[in-house]
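**Q** Sharing upload.csv below, CSV, C-alpha atoms and all ligand atoms:
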chain,number,residue,atom,x,y,z
A,7,MET,CA,-77.5,9.2,75.4
A,8,CYS,CA,-77.3,5.5,75.6
A,9,ARG,CA,-80.2,3.2,75.4
A,10,HIS,CA,-81.1,0.5,77.9
A,11,ALA,CA,-83.7,-2.2,78.5
A,12,ALA,CA,-84.6,-4.7,81.2
A,13,TRP,CA,-87.1,-7.6,81.7
A,14,LEU,CA,-88.6,-9.1,84.8
A,15,GLY,CA,-91.0,-12.1,84.3
A,16,ALA,CA,-91.1,-15.5,82.8
A,17,PRO,CA,-87.7,-16.8,81.7
A,18,ALA,CA,-86.6,-15.1,78.4
A,19,SER,CA,-83.4,-14.8,76.5
A,20,LEU,CA,-81.3,-11.7,76.0
A,21,ALA,CA,-82.2,-11.9,72.4
A,22,SER,CA,-85.7,-10.8,73.4
A,23,LEU,CA,-84.2,-7.4,74.3
A,24,ILE,CA,-81.5,-7.1,71.6
A,25,PHE,CA,-82.3,-9.0,68.4
A,26,ASP,CA,-85.9,-10.2,68.3
A,27,PRO,CA,-88.0,-7.0,68.6
A,28,GLY,CA,-88.3,-4.6,65.6
A,29,ASN,CA,-86.7,-1.8,67.7
A,30,GLY,CA,-84.5,-3.9,70.0
A,31,LEU,CA,-81.2,-2.7,71.2
A,32,LEU,CA,-79.4,-3.8,68.0
A,33,GLN,CA,-81.7,-1.6,66.0
A,34,GLN,CA,-81.4,1.2,68.6
A,35,SER,CA,-77.6,1.0,68.4
A,36,TYR,CA,-77.6,2.4,64.8
A,37,SER,CA,-81.1,3.9,64.4
A,38,PRO,CA,-82.7,4.9,67.7
A,39,ARG,CA,-86.2,6.4,67.3
A,40,LEU,CA,-86.4,8.7,70.3
A,41,GLN,CA,-82.8,9.5,71.2
A,42,ARG,CA,-82.3,13.2,72.1
A,43,HIS,CA,-78.6,13.2,72.5
A,44,GLY,CA,-76.3,11.5,70.0
A,45,MET,CA,-77.2,9.7,66.8
A,46,ILE,CA,-75.8,6.2,67.2
A,47,ASN,CA,-74.7,4.0,70.1
A,48,ALA,CA,-71.5,2.4,68.8
A,49,ASP,CA,-69.2,2.9,71.8
A,50,GLY,CA,-69.8,-0.5,73.3
A,51,PHE,CA,-72.6,-2.6,74.8
A,52,GLY,CA,-73.3,-4.9,77.7
A,53,MET,CA,-75.8,-7.3,79.2
A,54,GLY,CA,-76.4,-9.1,82.4
A,55,TRP,CA,-78.6,-12.0,83.5
A,56,TYR,CA,-79.2,-14.2,86.5
A,57,GLY,CA,-78.4,-18.0,86.7
A,58,GLU,CA,-80.8,-20.4,88.4
A,59,ALA,CA,-78.4,-21.5,91.2
A,60,ASP,CA,-76.4,-18.3,91.8
A,61,HIS,CA,-77.9,-15.0,92.9
A,62,SER,CA,-75.0,-13.0,91.4
A,63,PRO,CA,-75.6,-12.0,87.8
A,64,VAL,CA,-73.4,-13.0,84.8
A,65,ARG,CA,-72.2,-9.9,83.0
A,66,TYR,CA,-70.8,-9.5,79.5
A,67,ARG,CA,-69.6,-6.1,78.2
A,68,ARG,CA,-67.5,-5.0,75.2
A,69,THR,CA,-66.3,-1.7,73.8
A,70,VAL,CA,-67.1,-2.6,70.2
A,71,PRO,CA,-70.3,-1.7,68.4
A,72,ILE,CA,-72.9,-4.3,69.2
A,73,TRP,CA,-73.4,-5.3,65.5
A,74,THR,CA,-69.7,-6.3,65.2
A,75,ASP,CA,-69.8,-9.1,67.8
A,76,ALA,CA,-70.3,-12.2,65.8
A,77,ASN,CA,-70.5,-14.4,68.9
A,78,LEU,CA,-73.3,-12.3,70.4
A,79,PRO,CA,-76.4,-13.7,68.6
A,80,GLY,CA,-75.7,-17.2,69.9
A,81,LEU,CA,-74.8,-16.0,73.4
A,82,ALA,CA,-77.8,-13.8,73.7
A,83,ARG,CA,-80.1,-16.6,72.7
A,84,ALA,CA,-78.6,-19.0,75.2
A,85,ALA,CA,-78.6,-16.5,78.0
A,86,ARG,CA,-82.0,-17.0,79.5
A,87,SER,CA,-83.3,-15.6,82.8
A,88,HIS,CA,-86.4,-14.2,84.6
A,89,CYS,CA,-84.4,-11.0,85.0
A,90,LEU,CA,-82.4,-9.4,82.2
A,91,LEU,CA,-80.7,-6.1,81.6
A,92,ALA,CA,-78.8,-4.8,78.5
A,93,ALA,CA,-77.5,-1.5,77.2
A,94,VAL,CA,-75.8,0.1,74.1
A,95,ARG,CA,-73.5,3.1,74.7
A,96,SER,CA,-72.8,6.4,73.1
A,97,ALA,CA,-69.9,7.7,75.1
A,98,THR,CA,-70.4,11.3,76.4
A,99,ALA,CA,-67.7,13.7,75.1
A,100,GLY,CA,-64.6,13.4,77.4
A,101,MET,CA,-65.6,10.0,78.8
A,102,PRO,CA,-63.3,7.1,78.2
A,103,VAL,CA,-64.2,4.2,75.9
A,104,GLU,CA,-63.2,1.2,77.9
A,105,GLU,CA,-64.9,-1.9,79.3
A,106,THR,CA,-64.9,-0.4,82.8
A,107,ALA,CA,-67.0,2.5,81.6
A,108,THR,CA,-69.5,0.3,79.9
A,109,ALA,CA,-72.9,-0.7,81.5
A,110,PRO,CA,-74.1,-2.8,83.1
A,111,PHE,CA,-72.0,-2.1,86.2
A,112,THR,CA,-72.3,-4.8,88.7
A,113,ASP,CA,-71.8,-5.4,92.5
A,114,GLY,CA,-73.1,-8.3,94.5
A,115,THR,CA,-76.5,-9.2,93.2
A,116,HIS,CA,-77.0,-5.9,91.3
A,117,LEU,CA,-76.7,-4.7,87.8
A,118,LEU,CA,-76.9,-1.0,86.8
A,119,SER,CA,-77.0,1.1,83.6
A,120,HIS,CA,-77.1,4.9,83.1
A,121,ASN,CA,-78.6,6.9,80.2
A,122,GLY,CA,-77.4,10.5,80.4
A,123,ARG,CA,-74.6,12.6,81.6
A,124,VAL,CA,-73.5,14.3,84.8
A,125,ASP,CA,-70.5,16.4,85.8
A,126,PRO,CA,-68.3,13.7,87.5
A,127,GLY,CA,-67.4,16.4,90.0
A,128,ALA,CA,-71.0,16.3,91.2
A,129,VAL,CA,-70.9,12.6,91.9
A,130,ARG,CA,-67.3,11.9,93.0
A,131,ASP,CA,-68.0,12.7,96.7
A,132,LEU,CA,-71.0,10.3,96.7
A,133,ALA,CA,-68.7,7.2,96.5
A,134,ASP,CA,-65.3,6.1,97.7
A,135,GLY,CA,-64.0,5.3,94.2
A,136,ALA,CA,-65.2,4.0,90.8
A,137,GLU,CA,-63.8,1.5,88.3
A,138,SER,CA,-63.6,4.1,85.6
A,139,THR,CA,-63.5,7.9,85.4
A,140,CYS,CA,-66.7,7.8,83.4
A,141,ASP,CA,-69.6,9.6,85.0
A,142,SER,CA,-71.8,6.5,84.9
A,143,ALA,CA,-69.2,4.4,86.8
A,144,TRP,CA,-69.3,7.0,89.6
A,145,LEU,CA,-73.1,7.0,89.7
A,146,ALA,CA,-73.0,3.1,89.8
A,147,ALA,CA,-70.4,3.2,92.6
A,148,ALA,CA,-72.6,5.7,94.6
A,149,VAL,CA,-75.7,3.5,94.2
A,150,PHE,CA,-73.7,0.3,95.1
A,151,LEU,CA,-72.4,2.0,98.3
A,152,ARG,CA,-75.9,2.7,99.4
A,153,LEU,CA,-77.1,-0.8,98.6
A,154,ARG,CA,-74.2,-2.3,100.6
A,155,ALA,CA,-75.4,-0.1,103.5
A,156,GLY,CA,-78.8,-1.8,103.3
A,157,LEU,CA,-80.9,0.7,101.4
A,158,PRO,CA,-83.7,-0.7,99.2
A,159,LEU,CA,-82.9,-0.6,95.5
A,160,GLY,CA,-85.4,2.2,94.7
A,161,ASP,CA,-84.3,4.3,97.6
A,162,ALA,CA,-80.6,4.0,96.6
A,163,LEU,CA,-81.4,5.1,93.0
A,164,ALA,CA,-83.7,8.0,94.1
A,165,GLY,CA,-81.2,9.2,96.7
A,166,VAL,CA,-78.3,9.3,94.2
A,167,VAL,CA,-80.3,10.9,91.4
A,168,THR,CA,-81.8,13.7,93.5
A,169,THR,CA,-78.5,14.5,95.1
A,170,ALA,CA,-76.6,14.5,91.8
A,171,ALA,CA,-79.4,16.5,90.1
A,172,ALA,CA,-79.2,19.2,92.9
A,173,LYS,CA,-75.5,19.5,92.4
A,174,ASP,CA,-75.6,19.6,88.6
A,175,PRO,CA,-78.9,21.0,87.3
A,176,GLU,CA,-77.9,20.1,83.7
A,177,ALA,CA,-77.5,16.4,84.6
A,178,ARG,CA,-79.5,13.7,82.8
A,179,LEU,CA,-79.9,10.8,85.2
A,180,ASN,CA,-81.9,7.9,83.8
A,181,LEU,CA,-80.7,4.9,85.8
A,182,LEU,CA,-81.9,1.3,85.4
A,183,ALA,CA,-81.0,-1.4,87.9
A,184,ALA,CA,-81.8,-5.0,88.7
A,185,ASP,CA,-81.3,-7.3,91.7
A,186,GLY,CA,-82.6,-10.6,90.3
A,187,ALA,CA,-86.0,-10.2,92.0
A,188,SER,CA,-86.9,-6.6,91.0
A,189,LEU,CA,-86.1,-3.7,88.7
A,190,ALA,CA,-85.9,-0.1,89.5
A,191,ALA,CA,-85.4,2.8,87.1
A,192,THR,CA,-85.4,6.6,87.1
A,193,ALA,CA,-86.7,9.0,84.4
A,194,CYS,CA,-84.7,12.1,84.9
A,195,GLY,CA,-83.9,14.0,81.7
A,196,ASP,CA,-84.5,11.3,79.1
A,197,THR,CA,-87.2,9.1,77.8
A,198,LEU,CA,-88.3,5.9,79.6
A,199,PHE,CA,-91.1,3.5,78.8
A,200,LEU,CA,-92.9,0.6,80.5
A,201,HIS,CA,-94.7,-2.4,79.0
A,202,ARG,CA,-96.7,-4.7,81.3
A,203,GLY,CA,-97.4,-7.9,79.5
A,204,ASP,CA,-99.0,-11.2,80.5
A,205,HIS,CA,-95.6,-12.8,81.2
A,206,GLY,CA,-93.7,-9.9,82.6
A,207,VAL,CA,-92.6,-6.3,82.5
A,208,LEU,CA,-90.3,-4.5,80.2
A,209,VAL,CA,-88.6,-1.2,81.1
A,210,ALA,CA,-86.7,0.5,78.3
A,211,SER,CA,-85.4,3.9,77.1
A,212,GLU,CA,-87.8,3.6,74.1
A,213,PRO,CA,-90.4,1.0,73.0
A,214,LEU,CA,-88.7,-2.1,71.7
A,215,ASP,CA,-91.5,-2.7,69.2
A,216,ASP,CA,-94.8,-1.4,67.9
A,217,ARG,CA,-97.1,-3.5,70.1
A,218,PRO,CA,-99.8,-1.6,72.0
A,219,GLY,CA,-99.3,-1.2,75.7
A,220,TRP,CA,-96.1,0.8,75.9
A,221,HIS,CA,-96.5,3.8,78.3
A,222,ALA,CA,-94.2,6.7,78.6
A,223,VAL,CA,-93.0,7.3,82.2
A,224,PRO,CA,-93.3,11.0,83.2
A,225,ASP,CA,-90.0,12.8,83.8
A,226,ARG,CA,-88.8,12.9,87.4
A,227,SER,CA,-90.2,9.5,88.3
A,228,LEU,CA,-89.0,6.4,90.0
A,229,VAL,CA,-90.2,3.0,88.6
A,230,LEU,CA,-90.3,0.0,90.8
A,231,VAL,CA,-91.1,-3.5,89.4
A,232,THR,CA,-91.5,-6.6,91.4
A,233,ARG,CA,-93.4,-9.8,90.8
A,234,GLY,CA,-96.2,-8.3,92.9
A,235,GLY,CA,-96.7,-5.3,90.6
A,236,THR,CA,-95.3,-2.1,89.1
A,237,GLN,CA,-95.3,1.4,90.7
A,238,VAL,CA,-94.4,4.8,89.2
A,239,LEU,CA,-93.6,7.3,92.0
A,240,PRO,CA,-92.6,10.9,91.8
A,241,LEU,CA,-88.8,11.4,92.4
B,301,LIG,N1,-72.3,9.5,80.2
B,301,LIG,C1,-72.4,8.1,80.0
B,301,LIG,C2,-71.2,7.5,79.2
B,301,LIG,O1,-70.4,8.2,78.7
B,301,LIG,C3,-73.7,7.6,79.4
B,301,LIG,C4,-73.8,8.1,78.0
B,301,LIG,C5,-75.1,8.1,77.4
B,301,LIG,O2,-76.2,7.9,78.0
B,301,LIG,N2,-75.0,8.3,76.1
B,301,LIG,O3,-71.2,6.3,79.0
Please lay out the structure from this file as structure tokens.
Ligand code: GLN

**A**
Amino acid sequence: MCRHAAWLGAPASLASLIFDPGNGLLQQSYSPRLQRHGMINADGFGMGWYGEADHSPVRYRRTVPIWTDANLPGLARAARSHCLLAAVRSATAGMPVEETATAPFTDGTHLLSHNGRVDPGAVRDLADGAESTCDSAWLAAAVFLRLRAGLPLGDALAGVVTTAAAKDPEARLNLLAADGASLAATACGDTLFLHRGDHGVLVASEPLDDRPGWHAVPDRSLVLVTRGGTQVLPL
């Protein structure tokens, strides 16, 4: 089970998700606290952020363990945005280790990451094609197809997760997505936490630090975060 995290709020750097907190994604890549499936997340990592002028995100992803990228600390500190998303990957058995299988997936203004696993056969008919045979790439393609058809972000996530869960009852489908102005996430089979601070909201697979204020999201929930507030709805 991979680990992912996102921020919506005052401009912050990607280092605030990866390097700065005591249990940031760097720490979670080799010593996650709450991971239920897999011990380490060394099959790649990725991050995305939004520039000021352009609504499309910038995305950076690699197949190496996050701790081996010597250029990343400087890049993560320079990459600042009001909307950030990052992930570290533990590839599910049978899934390829390649850049195209590594989150965040992106399309138009959207970024998307998946914690979990699903039978690719249960999601292949939800999309026209995917950039990788990886289950997460198919889930991303299914969500992006619905977003291109005009569905709101939360509805697209909820629709794909409930359809895939009905076809594969063993599936674990924690999705985390951003569009530059909002975040949406599902808790479906794995841990998910929320932290509402004075300057913004964090959504993460597990708390990034030991500050008070982290709340566990109940399983089978949809989380919606906008500048106007945060909602947790049943899936
Ligand atoms: N199944 C996905 C992959 O192989 C996600 C894995 C995970 O959450 N560990 O990348």

**Q** To one decimal place, how far is atom CA of A:Gly206 from atom CA of A:Ser87 in Å?

**A**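 Atom-to-atom, atom CA of A:Gly206 and atom CA of A:Ser87 are spaced 11.9 Å apart.
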
**Q** Would you work out the distance separating atom CA of A:Ala92 from atom CA of A:Ala59, expressed in Å to one decimal?

**A**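 Computing it gives 21.0 Å between the two atoms.
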
**Q** For each of A:Thr112, A:Ser37, A:Ser119, A:Ser19, take the minimum atom-to-atom distance to A:Leu90, counting all atoms listed in the file, then give the residue where this is smallest.

**A**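 Checking each of A:Thr112, A:Ser37, A:Ser119, A:Ser19 against A:Leu90, counting all atoms listed in the file, the winner is A:Ser19.
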
**Q** Could you list, as number ranges by chain, all the residues within 8 Å of ligand LIG 301 (chain B), counting all atoms listed in the file?

**A** A: 7-9, 43-44, 47, 95-103, 107-109, 120-124, 140-142

**Q** Any idea what's packed within 9 Å of A:Gly186, counting only C-alpha atoms, ignoring anything in its chain fewer than 3 positions away? Could you give it as a PyMOL selection string?

**A** chain A and resi 14+55-56+61-63+88-90+115-117+189

**Q** Would you work out the distance separating atom CA of A:Thr139 from atom CA of A:Arg68, expressed in Å to one decimal?

**A**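 Between atom CA of A:Thr139 and atom CA of A:Arg68 the gap is 16.9 Å.
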
**Q** If you count all atoms listed in the file, which residues fall within 9 Å of stretch 233-238 of chain A, apart from same-chain ones fewer than 2 positions away, as a VMD selection string?

**A** chain A and resid 14 to 15 187 to 188 202 206 to 207 223 to 224 227 to 231 240

**Q** Which of these residues is nearest to A:Pro175, using all atoms listed in the file: A:Ala143, A:Leu157, A:Ala21, A:Ala128?

**A**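 Checking each of A:Ala143, A:Leu157, A:Ala21, A:Ala128 against A:Pro175, counting all atoms listed in the file, the winner is A:Ala128.
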
**Q** Using only C-alpha atoms, can you tell me which of A:Arg83, A:Asp204, A:Leu241, A:Leu198 comes closest to A:Leu163?

**A**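 Answer, going by the shortest atom-to-atom distance: A:Leu241.
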